[in-house]
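Quick look at run16.txt (compact mmCIF, C-alpha atoms and all ligand atoms):
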```txt
# COMPACT_ATOMS: atom_id res chain seq x y z
CA MET X 128 5.40 35.95 5.06
CA SER X 129 2.95 33.13 5.63
CA LEU X 130 3.13 30.37 3.03
CA LYS X 131 -0.62 29.90 3.48
CA LYS X 132 -1.36 33.28 1.89
CA GLU X 133 -3.16 33.07 -1.41
CA GLY X 134 -0.87 32.86 -4.42
CA VAL X 135 2.04 31.39 -2.48
CA ALA X 136 2.83 27.80 -3.36
CA ARG X 137 2.56 25.45 -0.42
CA ARG X 138 5.19 22.82 0.26
CA VAL X 139 5.08 19.29 -1.06
CA VAL X 140 7.03 16.72 0.95
CA VAL X 141 8.55 13.73 -0.85
CA LEU X 142 9.43 10.70 1.27
CA GLY X 143 11.72 8.12 -0.33
CA THR X 144 11.54 4.40 0.45
CA GLY X 145 13.42 2.83 -2.52
CA GLY X 146 11.92 0.51 -5.16
CA THR X 147 12.51 0.23 -8.89
CA ILE X 148 11.78 3.93 -9.32
CA ALA X 149 15.14 4.38 -7.55
CA GLY X 150 16.66 1.34 -9.25
CA SER X 151 19.88 1.12 -11.26
CA ALA X 152 20.97 -1.33 -13.98
CA PRO X 153 24.45 -1.80 -15.47
CA ASN X 154 22.88 -1.73 -18.96
CA ALA X 155 20.37 1.00 -19.90
CA ARG X 156 18.62 -1.40 -22.31
CA ASP X 157 17.91 -3.84 -19.52
CA ASN X 158 14.57 -3.14 -17.83
CA LEU X 159 14.71 -6.23 -15.61
CA GLY X 160 18.33 -6.92 -14.56
CA TYR X 161 18.65 -4.05 -12.07
CA ARG X 162 19.00 -3.42 -8.39
CA ALA X 163 16.12 -1.60 -6.70
CA ALA X 164 16.64 1.22 -4.19
CA CYS X 165 19.94 2.78 -5.36
CA LEU X 166 19.14 6.44 -6.10
CA THR X 167 18.28 8.79 -3.28
CA VAL X 168 15.02 10.69 -3.23
CA GLU X 169 16.96 13.92 -3.92
CA GLU X 170 18.43 12.32 -7.05
CA LEU X 171 14.94 11.36 -8.23
CA LEU X 172 13.69 14.90 -7.75
CA ALA X 173 16.60 16.31 -9.75
CA HIS X 174 14.88 14.92 -12.86
CA LEU X 175 11.77 17.01 -12.32
CA PRO X 176 11.47 20.19 -14.37
CA PRO X 177 11.96 23.43 -12.41
CA ASP X 178 8.76 23.99 -10.49
CA ALA X 179 7.20 26.84 -8.53
CA CYS X 180 6.22 24.53 -5.71
CA PRO X 181 8.78 24.21 -2.91
CA LEU X 182 9.77 20.62 -2.23
CA HIS X 183 11.15 19.03 0.87
CA ALA X 184 12.70 15.56 0.49
CA GLU X 185 13.42 12.92 3.13
CA GLN X 186 14.78 9.38 2.82
CA VAL X 187 12.68 7.26 5.18
CA ALA X 188 14.06 3.92 3.91
CA GLN X 189 16.02 2.54 0.97
CA ILE X 190 14.68 -0.94 0.24
CA ASP X 191 13.28 -3.21 -2.44
CA SER X 192 9.63 -3.20 -1.42
CA LYS X 193 9.45 -7.02 -1.55
CA ASP X 194 11.32 -6.74 1.77
CA MET X 195 8.83 -4.29 3.32
CA GLU X 196 8.34 -4.69 7.05
CA PHE X 197 6.53 -3.11 9.96
CA GLY X 198 9.46 -0.90 11.05
CA VAL X 199 9.42 0.93 7.71
CA TRP X 200 5.62 1.19 7.70
CA LYS X 201 5.65 2.69 11.15
CA ALA X 202 8.42 5.20 10.36
CA LEU X 203 6.65 6.16 7.15
CA ALA X 204 3.24 6.61 8.79
CA LEU X 205 4.79 8.80 11.50
CA ARG X 206 6.65 10.97 8.99
CA CYS X 207 3.48 11.33 6.89
CA ALA X 208 1.48 12.34 9.98
CA HIS X 209 4.18 14.81 11.01
CA TRP X 210 4.23 16.56 7.64
CA LEU X 211 0.48 16.47 7.03
CA ALA X 212 0.01 18.29 10.33
CA GLN X 213 2.02 21.30 9.06
CA ASP X 214 -0.23 24.07 7.77
CA ASP X 215 2.13 24.96 4.95
CA VAL X 216 2.32 21.39 3.61
CA GLN X 217 -0.09 20.67 0.80
CA GLY X 218 0.48 16.93 0.71
CA VAL X 219 3.00 14.10 0.77
CA ILE X 220 4.43 12.00 -2.04
CA VAL X 221 5.96 8.60 -1.20
CA THR X 222 8.33 6.96 -3.69
CA HIS X 223 7.94 3.18 -3.33
CA GLY X 224 8.49 -0.16 -5.05
CA THR X 225 5.55 -1.67 -6.88
CA ASP X 226 5.62 -5.12 -5.26
CA THR X 227 4.03 -4.28 -1.90
CA LEU X 228 2.80 -0.79 -2.73
CA GLU X 229 -0.85 -1.76 -2.26
CA GLU X 230 -0.07 -3.00 1.26
CA THR X 231 1.72 0.19 2.27
CA ALA X 232 -1.09 2.24 0.73
CA TYR X 233 -3.70 0.34 2.74
CA PHE X 234 -1.67 0.56 5.95
CA LEU X 235 -1.38 4.35 5.59
CA HIS X 236 -5.04 4.64 4.57
CA ARG X 237 -6.14 2.97 7.81
CA LEU X 238 -3.92 5.12 10.04
CA LEU X 239 -3.84 8.61 8.56
CA ALA X 240 -6.91 10.70 9.22
CA TRP X 241 -5.83 13.76 7.26
CA ARG X 242 -7.88 15.56 4.69
CA LYS X 243 -4.83 16.06 2.52
CA PRO X 244 -3.37 13.80 -0.18
CA VAL X 245 -0.70 11.16 0.33
CA VAL X 246 0.37 9.95 -3.11
CA LEU X 247 2.37 6.76 -3.56
CA VAL X 248 4.40 6.69 -6.76
CA SER X 249 6.47 3.91 -8.29
CA ALA X 250 7.93 2.68 -11.57
CA MET X 251 8.21 -0.57 -13.47
CA ARG X 252 11.55 0.36 -15.05
CA PRO X 253 14.71 1.41 -13.22
CA ALA X 254 15.79 5.04 -13.20
CA THR X 255 18.73 4.19 -15.48
CA ALA X 256 16.53 2.68 -18.26
CA LEU X 257 16.58 4.21 -21.74
CA ALA X 258 12.91 5.12 -21.34
CA PRO X 259 12.18 5.14 -17.59
CA ASP X 260 8.58 5.54 -16.45
CA GLY X 261 9.46 6.93 -13.02
CA PRO X 262 9.99 10.60 -14.01
CA GLN X 263 6.55 10.83 -15.68
CA ASN X 264 4.88 9.08 -12.75
CA LEU X 265 6.60 11.51 -10.39
CA ARG X 266 5.38 14.49 -12.44
CA ASP X 267 1.87 13.03 -12.32
CA ALA X 268 2.19 12.63 -8.54
CA MET X 269 3.16 16.30 -8.29
CA ALA X 270 0.12 17.31 -10.33
CA LEU X 271 -2.11 15.15 -8.17
CA VAL X 272 -0.82 16.32 -4.80
CA ARG X 273 -1.37 19.94 -5.83
CA THR X 274 -4.94 19.35 -7.04
CA PRO X 275 -7.35 21.39 -4.90
CA GLY X 276 -9.56 19.09 -2.82
CA ALA X 277 -7.54 15.93 -3.45
CA CYS X 278 -7.26 13.88 -0.27
CA GLY X 279 -6.72 10.40 1.07
CA VAL X 280 -4.08 7.81 0.23
CA LEU X 281 -3.74 7.62 -3.54
CA VAL X 282 -1.58 5.68 -5.97
CA VAL X 283 -0.60 7.10 -9.35
CA CYS X 284 0.83 4.93 -12.09
CA ALA X 285 0.84 5.35 -15.88
CA GLY X 286 -1.65 8.20 -15.73
CA ARG X 287 -4.21 6.41 -13.60
CA VAL X 288 -5.03 7.30 -9.99
CA HIS X 289 -6.20 4.56 -7.63
CA GLY X 290 -7.57 4.61 -4.08
CA ALA X 291 -5.72 2.65 -1.40
CA GLN X 292 -8.77 0.51 -0.62
CA ASP X 293 -9.09 -0.84 -4.16
CA VAL X 294 -5.62 -0.75 -5.71
CA ARG X 295 -3.67 -3.88 -6.47
CA LYS X 296 -0.71 -4.74 -8.63
CA GLU X 297 -2.19 -6.82 -11.40
CA HIS X 298 0.57 -7.14 -13.97
CA THR X 299 4.15 -8.36 -13.70
CA TYR X 300 5.62 -6.29 -16.53
CA ARG X 301 3.31 -3.69 -18.05
CA LEU X 302 4.04 -0.06 -17.18
CA ASP X 303 0.34 0.24 -16.32
CA ALA X 304 0.74 -2.40 -13.63
CA PHE X 305 -2.03 -1.38 -11.21
CA GLY X 306 -5.80 -1.67 -11.27
CA SER X 307 -8.76 -0.90 -9.03
CA GLY X 308 -11.00 -3.82 -9.99
CA ASP X 309 -14.72 -3.16 -10.10
CA ALA X 310 -14.32 0.29 -8.48
CA GLY X 311 -12.14 1.65 -11.28
CA PRO X 312 -9.65 4.50 -10.99
CA VAL X 313 -10.44 7.62 -8.97
CA ALA X 314 -8.94 9.94 -11.57
CA TYR X 315 -6.64 10.22 -14.56
CA VAL X 316 -3.65 12.51 -15.02
CA GLU X 317 -3.44 13.81 -18.57
CA GLU X 318 -0.69 16.24 -19.59
CA GLY X 319 -0.43 17.48 -16.04
CA ALA X 320 -4.19 17.93 -15.59
CA VAL X 321 -6.11 15.75 -13.15
CA ARG X 322 -9.49 14.49 -14.39
CA GLN X 323 -11.44 13.16 -11.41
CA VAL X 324 -14.07 10.49 -12.15
CA ARG X 325 -15.24 9.62 -8.60
CA GLY X 326 -14.92 10.87 -5.03
CA TRP X 327 -11.52 11.16 -3.36
CA PRO X 328 -11.02 8.30 -0.88
CA CYS X 329 -10.57 10.51 2.18
CA ALA X 330 -9.82 8.80 5.47
CA ALA X 331 -12.49 6.47 6.79
CA PRO X 332 -14.18 7.52 10.08
CA ASP X 333 -13.37 4.09 11.56
CA GLY X 334 -9.62 4.52 11.00
CA ARG X 335 -7.12 2.73 13.21
CA SER X 336 -5.02 4.49 15.84
CA LEU X 337 -1.57 5.68 14.77
CA GLU X 338 -0.80 6.54 18.40
CA ARG X 339 -1.29 2.92 19.38
CA VAL X 340 0.84 1.69 16.45
CA ALA X 341 3.59 4.17 17.37
CA ARG X 342 3.92 2.48 20.77
CA ILE X 343 4.48 -1.07 19.49
CA THR X 344 7.60 -2.65 18.01
CA GLU X 345 5.89 -5.48 16.13
CA LEU X 346 2.40 -6.18 14.88
CA PRO X 347 0.82 -9.46 15.99
CA ARG X 348 1.72 -12.26 13.59
CA VAL X 349 -0.90 -13.09 10.96
CA ASP X 350 -0.18 -15.63 8.20
CA ILE X 351 -1.87 -16.15 4.84
CA VAL X 352 -2.76 -19.61 3.53
CA LEU X 353 -4.20 -20.48 0.12
CA SER X 354 -6.99 -22.89 -0.74
CA HIS X 355 -6.41 -24.87 -3.94
CA ALA X 356 -7.03 -28.27 -5.51
CA GLY X 357 -5.41 -30.84 -3.26
CA ALA X 358 -5.09 -28.43 -0.31
CA ASP X 359 -4.97 -29.98 3.14
CA GLY X 360 -4.58 -28.77 6.71
CA ARG X 361 -0.90 -29.51 7.19
CA ILE X 362 0.36 -25.93 6.89
CA VAL X 363 -2.23 -24.70 9.40
CA ARG X 364 -1.47 -27.49 11.84
CA ALA X 365 2.27 -26.72 11.51
CA LEU X 366 1.48 -23.10 12.41
CA LEU X 367 -0.53 -24.20 15.43
CA ALA X 368 2.40 -26.33 16.59
CA GLN X 369 4.73 -23.30 16.77
CA ALA X 370 6.03 -22.04 20.11
CA PRO X 371 3.66 -19.47 21.65
CA SER X 372 6.09 -16.61 20.94
CA VAL X 373 5.95 -17.20 17.17
CA ARG X 374 2.58 -18.86 16.77
CA PRO X 375 0.29 -16.70 14.61
CA GLN X 376 -2.52 -14.88 16.37
CA GLY X 377 -4.40 -14.74 13.12
CA VAL X 378 -4.68 -16.52 9.78
CA VAL X 379 -6.15 -15.14 6.57
CA VAL X 380 -7.27 -17.78 4.11
CA ALA X 381 -7.35 -16.90 0.42
CA GLY X 382 -10.24 -19.09 -0.65
CA THR X 383 -11.44 -20.03 -4.09
CA GLY X 384 -14.31 -18.18 -5.80
CA ASN X 385 -16.70 -16.64 -3.29
CA GLY X 386 -14.45 -17.57 -0.36
CA SER X 387 -14.94 -21.33 -0.55
CA ILE X 388 -12.29 -23.50 1.12
CA HIS X 389 -11.16 -27.09 0.53
CA SER X 390 -12.85 -29.15 3.23
CA ALA X 391 -9.54 -30.57 4.55
CA LEU X 392 -8.10 -27.07 4.93
CA LEU X 393 -11.35 -25.79 6.42
CA ALA X 394 -11.23 -28.45 9.13
CA ALA X 395 -7.75 -27.28 10.17
CA LEU X 396 -8.82 -23.63 10.10
CA GLU X 397 -11.80 -24.41 12.32
CA GLN X 398 -9.41 -26.11 14.70
CA ALA X 399 -7.25 -22.95 14.67
CA GLN X 400 -10.31 -20.83 15.40
CA ALA X 401 -11.24 -23.13 18.28
CA GLU X 402 -7.72 -22.54 19.65
CA ASN X 403 -8.26 -18.75 19.70
CA VAL X 404 -6.53 -17.97 16.43
CA ARG X 405 -8.53 -15.36 14.52
CA VAL X 406 -9.31 -16.69 11.04
CA TRP X 407 -10.61 -14.44 8.27
CA ARG X 408 -11.82 -15.63 4.88
CA THR X 409 -10.97 -13.84 1.62
CA THR X 410 -10.81 -14.86 -2.02
CA ARG X 411 -7.86 -15.52 -4.28
CA CYS X 412 -9.93 -14.07 -7.17
CA ALA X 413 -8.53 -10.76 -8.38
CA TYR X 414 -11.91 -9.03 -8.33
CA GLY X 415 -15.12 -9.16 -6.36
CA PRO X 416 -15.93 -9.28 -2.63
CA VAL X 417 -16.72 -12.41 -0.64
CA LEU X 418 -20.49 -12.17 -0.44
CA PRO X 419 -22.63 -13.71 2.32
CA ALA X 420 -23.93 -17.11 1.19
CA GLY X 421 -25.63 -18.87 4.07
CA GLU X 422 -23.88 -19.88 7.27
CA HIS X 423 -20.09 -20.22 7.21
CA PRO X 424 -17.90 -21.03 10.22
CA LEU X 425 -15.28 -18.44 9.20
CA PRO X 426 -16.03 -14.69 8.94
CA ALA X 427 -15.48 -13.09 5.56
CA ALA X 428 -13.30 -10.01 5.08
CA ARG X 429 -15.74 -8.81 2.40
CA GLU X 430 -13.92 -6.73 -0.22
CA LEU X 431 -10.42 -6.95 1.26
CA SER X 432 -7.77 -8.84 -0.69
CA PRO X 433 -5.79 -11.40 1.32
CA VAL X 434 -2.84 -9.02 1.88
CA LYS X 435 -5.08 -6.12 2.93
CA ALA X 436 -7.17 -8.37 5.19
CA ARG X 437 -3.91 -9.44 6.84
CA ILE X 438 -3.06 -5.80 7.60
CA GLU X 439 -6.56 -5.10 8.93
CA LEU X 440 -6.43 -8.17 11.17
CA MET X 441 -2.96 -7.32 12.47
CA LEU X 442 -4.13 -3.81 13.37
CA GLU X 443 -7.23 -5.19 15.05
CA LEU X 444 -5.22 -7.72 17.06
CA ALA X 445 -2.86 -4.92 18.07
CA GLY X 446 -5.83 -3.00 19.45
CA ALA X 447 -5.06 -0.11 17.09
N1 LIG M 1 10.97 -5.28 -6.47
C1 LIG M 1 10.69 -3.88 -6.78
C2 LIG M 1 10.10 -3.24 -5.53
O1 LIG M 1 8.97 -3.51 -5.22
C3 LIG M 1 9.73 -3.82 -7.90
C4 LIG M 1 9.29 -2.46 -8.31
O2 LIG M 1 9.50 -1.47 -7.65
O3 LIG M 1 8.68 -2.40 -9.40
O4 LIG M 1 10.77 -2.49 -4.87
```
With the file now loaded, output its structure as structure tokens.
Amino acid sequence: MSLKKEGVARRVVVLGTGGTIAGSAPNARDNLGYRAACLTVEELLAHLPPDACPLHAEQVAQIDSKDMEFGVWKALALRCAHWLAQDDVQGVIVTHGTDTLEETAYFLHRLLAWRKPVVLVSAMRPATALAPDGPQNLRDAMALVRTPGACGVLVVCAGRVHGAQDVRKEHTYRLDAFGSGDAGPVAYVEEGAVRQVRGWPCAAPDGRSLERVARITELPRVDIVLSHAGADGRIVRALLAQAPSVRPQGVVVAGTGNGSIHSALLAALEQAQAENVRVWRTTRCAYGPVLPAGEHPLPAARELSPVKARIELMLELAGA
């Protein structure tokens, strides 16, 4: 019997990558002294209530997401693409650490062109905590992935649903650690019901090429530098002095305010640009794009945060 037939639940695939949601602490009262990435994705799913929807689980990685790297991104993107291409798969859930979740979300958003949902889910407390937040977030992810019409790369945390383009971790401790800045959440999950407040962030038509990314072993190196009081050009000049094999091909500068940059740092960045290093300008402000304000020697990455601009520039330099 075809799983696509009406009334038959379609499969949800859950890909595990580690994080605090899979974390374990020696003391259940300790929400901070734990090790991330201990429980397997199957163990996480065992805490879900019995459900009509068939689940398939796969462990793609088992890491603390602070250590995220291209190899895991690539494996994850390929597994997502594989499962999203199956007719009987409704969507994919990715369990992930909170620290670099917005980067993984953006990476997947730029590479996956599917009109199905990919939901990243995390937790701020380890699985062994007295009151863990992971199981509820996972239930919310299940509700979201099964919502008719939901699509694009989404993040669910503490009942709020964010789009990959806008989401960022904005709190170090609160269970509701993520925000979407000016854009606001895409939806809310309330008692298992999804209340959508704006359009689903389905894949952009100018998405990058997963086929190209699948063929490479490393993305071109792009570093991030920060403008601040007393900044100078020494870090940039040290980068330029690196051997060609490790010298960055790109630099993203997190400027102050509307992308302004200390003049000493700017001079070094202009030198980098003159030496064929791509330099993109962003802001270290949590919210707001870098808006055009007269002539500037460095192009602005508009609404992209420094970490997302870095991903975009790496993909561009890779020809993806
Ligand atoms: N360091 C952890 C991680 O990103 C933090 C978390 O998941 O909340 O994997």
Proximity check chain X to ligand LIG 1 (chain M), 12 Å, nearest pairs one decimal Å, all atoms listed in the file, as JSON lines:
```
{"residue": "X:Gly143", "atom": "CA", "partner": "M:LIG1", "partner_atom": "O4", "distance": 11.6}
{"residue": "X:Thr144", "atom": "CA", "partner": "M:LIG1", "partner_atom": "O4", "distance": 8.7}
{"residue": "X:Gly145", "atom": "CA", "partner": "M:LIG1", "partner_atom": "O4", "distance": 6.4}
{"residue": "X:Gly146", "atom": "CA", "partner": "M:LIG1", "partner_atom": "O4", "distance": 3.2}
{"residue": "X:Thr147", "atom": "CA", "partner": "M:LIG1", "partner_atom": "O2", "distance": 3.7}
{"residue": "X:Ile148", "atom": "CA", "partner": "M:LIG1", "partner_atom": "O2", "distance": 6.1}
{"residue": "X:Ala149", "atom": "CA", "partner": "M:LIG1", "partner_atom": "O2", "distance": 8.1}
{"residue": "X:Gly150", "atom": "CA", "partner": "M:LIG1", "partner_atom": "O2", "distance": 7.9}
{"residue": "X:Ser151", "atom": "CA", "partner": "M:LIG1", "partner_atom": "O2", "distance": 11.3}
{"residue": "X:Asn158", "atom": "CA", "partner": "M:LIG1", "partner_atom": "O3", "distance": 10.3}
{"residue": "X:Leu159", "atom": "CA", "partner": "M:LIG1", "partner_atom": "O3", "distance": 9.5}
{"residue": "X:Gly160", "atom": "CA", "partner": "M:LIG1", "partner_atom": "N1", "distance": 11.1}
{"residue": "X:Tyr161", "atom": "CA", "partner": "M:LIG1", "partner_atom": "C1", "distance": 9.6}
{"residue": "X:Arg162", "atom": "CA", "partner": "M:LIG1", "partner_atom": "N1", "distance": 8.5}
{"residue": "X:Ala163", "atom": "CA", "partner": "M:LIG1", "partner_atom": "O4", "distance": 5.7}
{"residue": "X:Ala164", "atom": "CA", "partner": "M:LIG1", "partner_atom": "O4", "distance": 7.0}
{"residue": "X:Cys165", "atom": "CA", "partner": "M:LIG1", "partner_atom": "O4", "distance": 10.6}
{"residue": "X:Ala188", "atom": "CA", "partner": "M:LIG1", "partner_atom": "O4", "distance": 11.4}
{"residue": "X:Gln189", "atom": "CA", "partner": "M:LIG1", "partner_atom": "O4", "distance": 9.3}
{"residue": "X:Ile190", "atom": "CA", "partner": "M:LIG1", "partner_atom": "O4", "distance": 6.6}
{"residue": "X:Asp191", "atom": "CA", "partner": "M:LIG1", "partner_atom": "O4", "distance": 3.6}
{"residue": "X:Ser192", "atom": "CA", "partner": "M:LIG1", "partner_atom": "O4", "distance": 3.7}
{"residue": "X:Lys193", "atom": "CA", "partner": "M:LIG1", "partner_atom": "O1", "distance": 5.1}
{"residue": "X:Asp194", "atom": "CA", "partner": "M:LIG1", "partner_atom": "O4", "distance": 7.9}
{"residue": "X:Met195", "atom": "CA", "partner": "M:LIG1", "partner_atom": "O1", "distance": 8.6}
{"residue": "X:Thr222", "atom": "CA", "partner": "M:LIG1", "partner_atom": "O2", "distance": 9.4}
{"residue": "X:His223", "atom": "CA", "partner": "M:LIG1", "partner_atom": "O4", "distance": 6.5}
{"residue": "X:Gly224", "atom": "CA", "partner": "M:LIG1", "partner_atom": "O2", "distance": 3.1}
{"residue": "X:Thr225", "atom": "CA", "partner": "M:LIG1", "partner_atom": "O2", "distance": 4.0}
{"residue": "X:Asp226", "atom": "CA", "partner": "M:LIG1", "partner_atom": "O1", "distance": 3.7}
{"residue": "X:Thr227", "atom": "CA", "partner": "M:LIG1", "partner_atom": "O1", "distance": 6.0}
{"residue": "X:Leu228", "atom": "CA", "partner": "M:LIG1", "partner_atom": "O1", "distance": 7.2}
{"residue": "X:Glu229", "atom": "CA", "partner": "M:LIG1", "partner_atom": "O1", "distance": 10.4}
{"residue": "X:Glu230", "atom": "CA", "partner": "M:LIG1", "partner_atom": "O1", "distance": 11.1}
{"residue": "X:Thr231", "atom": "CA", "partner": "M:LIG1", "partner_atom": "O1", "distance": 11.1}
{"residue": "X:Leu247", "atom": "CA", "partner": "M:LIG1", "partner_atom": "O2", "distance": 11.6}
{"residue": "X:Val248", "atom": "CA", "partner": "M:LIG1", "partner_atom": "O2", "distance": 9.7}
{"residue": "X:Ser249", "atom": "CA", "partner": "M:LIG1", "partner_atom": "O2", "distance": 6.2}
{"residue": "X:Ala250", "atom": "CA", "partner": "M:LIG1", "partner_atom": "O3", "distance": 5.6}
{"residue": "X:Met251", "atom": "CA", "partner": "M:LIG1", "partner_atom": "O3", "distance": 4.5}
{"residue": "X:Arg252", "atom": "CA", "partner": "M:LIG1", "partner_atom": "O3", "distance": 6.9}
{"residue": "X:Pro253", "atom": "CA", "partner": "M:LIG1", "partner_atom": "O3", "distance": 8.1}
{"residue": "X:Ala254", "atom": "CA", "partner": "M:LIG1", "partner_atom": "O2", "distance": 10.6}
{"residue": "X:Pro259", "atom": "CA", "partner": "M:LIG1", "partner_atom": "O3", "distance": 11.7}
{"residue": "X:Asp260", "atom": "CA", "partner": "M:LIG1", "partner_atom": "O3", "distance": 10.6}
{"residue": "X:Gly261", "atom": "CA", "partner": "M:LIG1", "partner_atom": "O2", "distance": 10.0}
{"residue": "X:Cys284", "atom": "CA", "partner": "M:LIG1", "partner_atom": "O3", "distance": 11.1}
{"residue": "X:Lys296", "atom": "CA", "partner": "M:LIG1", "partner_atom": "O3", "distance": 9.7}
{"residue": "X:Glu297", "atom": "CA", "partner": "M:LIG1", "partner_atom": "O3", "distance": 11.9}
{"residue": "X:His298", "atom": "CA", "partner": "M:LIG1", "partner_atom": "O3", "distance": 10.4}
{"residue": "X:Thr299", "atom": "CA", "partner": "M:LIG1", "partner_atom": "O3", "distance": 8.6}
{"residue": "X:Tyr300", "atom": "CA", "partner": "M:LIG1", "partner_atom": "O3", "distance": 8.7}
{"residue": "X:Arg301", "atom": "CA", "partner": "M:LIG1", "partner_atom": "O3", "distance": 10.3}
{"residue": "X:Leu302", "atom": "CA", "partner": "M:LIG1", "partner_atom": "O3", "distance": 9.4}
{"residue": "X:Asp303", "atom": "CA", "partner": "M:LIG1", "partner_atom": "O3", "distance": 11.2}
{"residue": "X:Ala304", "atom": "CA", "partner": "M:LIG1", "partner_atom": "O3", "distance": 9.0}
{"residue": "X:Phe305", "atom": "CA", "partner": "M:LIG1", "partner_atom": "O3", "distance": 10.9}
```
Shell around Asp350 in chain X at 7 Å using only C-alpha atoms, local window under 2 positions removed, as JSON, numbers by chain = {"X": [348, 352, 375, 377, 378, 379]}
Show which residues sit within 10 Å of Phe197 in chain X, as a list of chain:residue names. Count all atoms listed in the file, and ignore same-chain residues fewer than 4 positions away.
-> X:Lys201, X:Ala202, X:Leu203, X:Thr231, X:Phe234, X:Val340, X:Ile343, X:Thr344, X:Glu345, X:Leu346
Which neighbours of range 317-326 of chain X fall inside 10 Å, counting only C-alpha atoms, when residues of the same chain fewer than 2 positions from it are skipped, and could you give them as a list in words?
->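 Residues meeting the cut-off are Gln263, Arg266, Asp267, Ala268, Met269, Ala270, Leu271, Val272, Arg273, Thr274, Ala277, Cys278, Ala285, Gly286, Arg287, Val288, Gly290, Ala310, Gly311, Pro312, Val313, Ala314, Tyr315, Pro328 and Cys329 of chain X.
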Among X:Leu235, X:Leu392, X:Gly357, X:Pro244, Gly334 in chain X is approached most closely, using all atoms listed in the file, by X:Leu235
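Of the residues listed (X:Ala368, X:Ala152, X:Val373, X:Val221), X:Val221 shows the shortest atom-to-atom separation from Ala184 in chain X; distances use all atoms listed in the file.
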Could you check which of X:Val216, X:Ile362, X:Ala291, X:Leu265 is closest to Leu239 in chain X, using only C-alpha atoms?
->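 Distance minimum relative to Leu239 in chain X lands on X:Ala291.
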How far is it from CA of Ser432 in chain X to CA of Lys243 in chain X, in Å with one decimal?
-> 25.3 Å
Would you mind listing what lies within 8 Å of Val245 in chain X as a list of chain:residue names, with only C-alpha atoms counted and same-chain residues fewer than 6 positions away left out?
-> X:Cys207, X:Gly218, X:Val219, X:Ile220, X:Val221, X:Val272, X:Cys278, X:Gly279, X:Val280, X:Leu281
Record the distance separating CA of Gly415 in chain X and CA of Asn385 in chain X, expressed in Å with one decimal.
->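 Pair CA of Gly415 in chain X / CA of Asn385 in chain X returns 8.2 Å.
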Using all atoms listed in the file, determine which residues lie at most 10 Å from Ser336 in chain X, disregarding the query and same-chain residues fewer than 5 positions distant; provide the list as a ChimeraX atom specification.
-> /X:237-240,341,442-443,445-447
For CA of Glu422 in chain X and CA of Ser387 in chain X, quote the distance in Å rounded to one decimal.
->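 Computing the Euclidean distance for CA of Glu422 in chain X and CA of Ser387 in chain X yields 12.0 Å.
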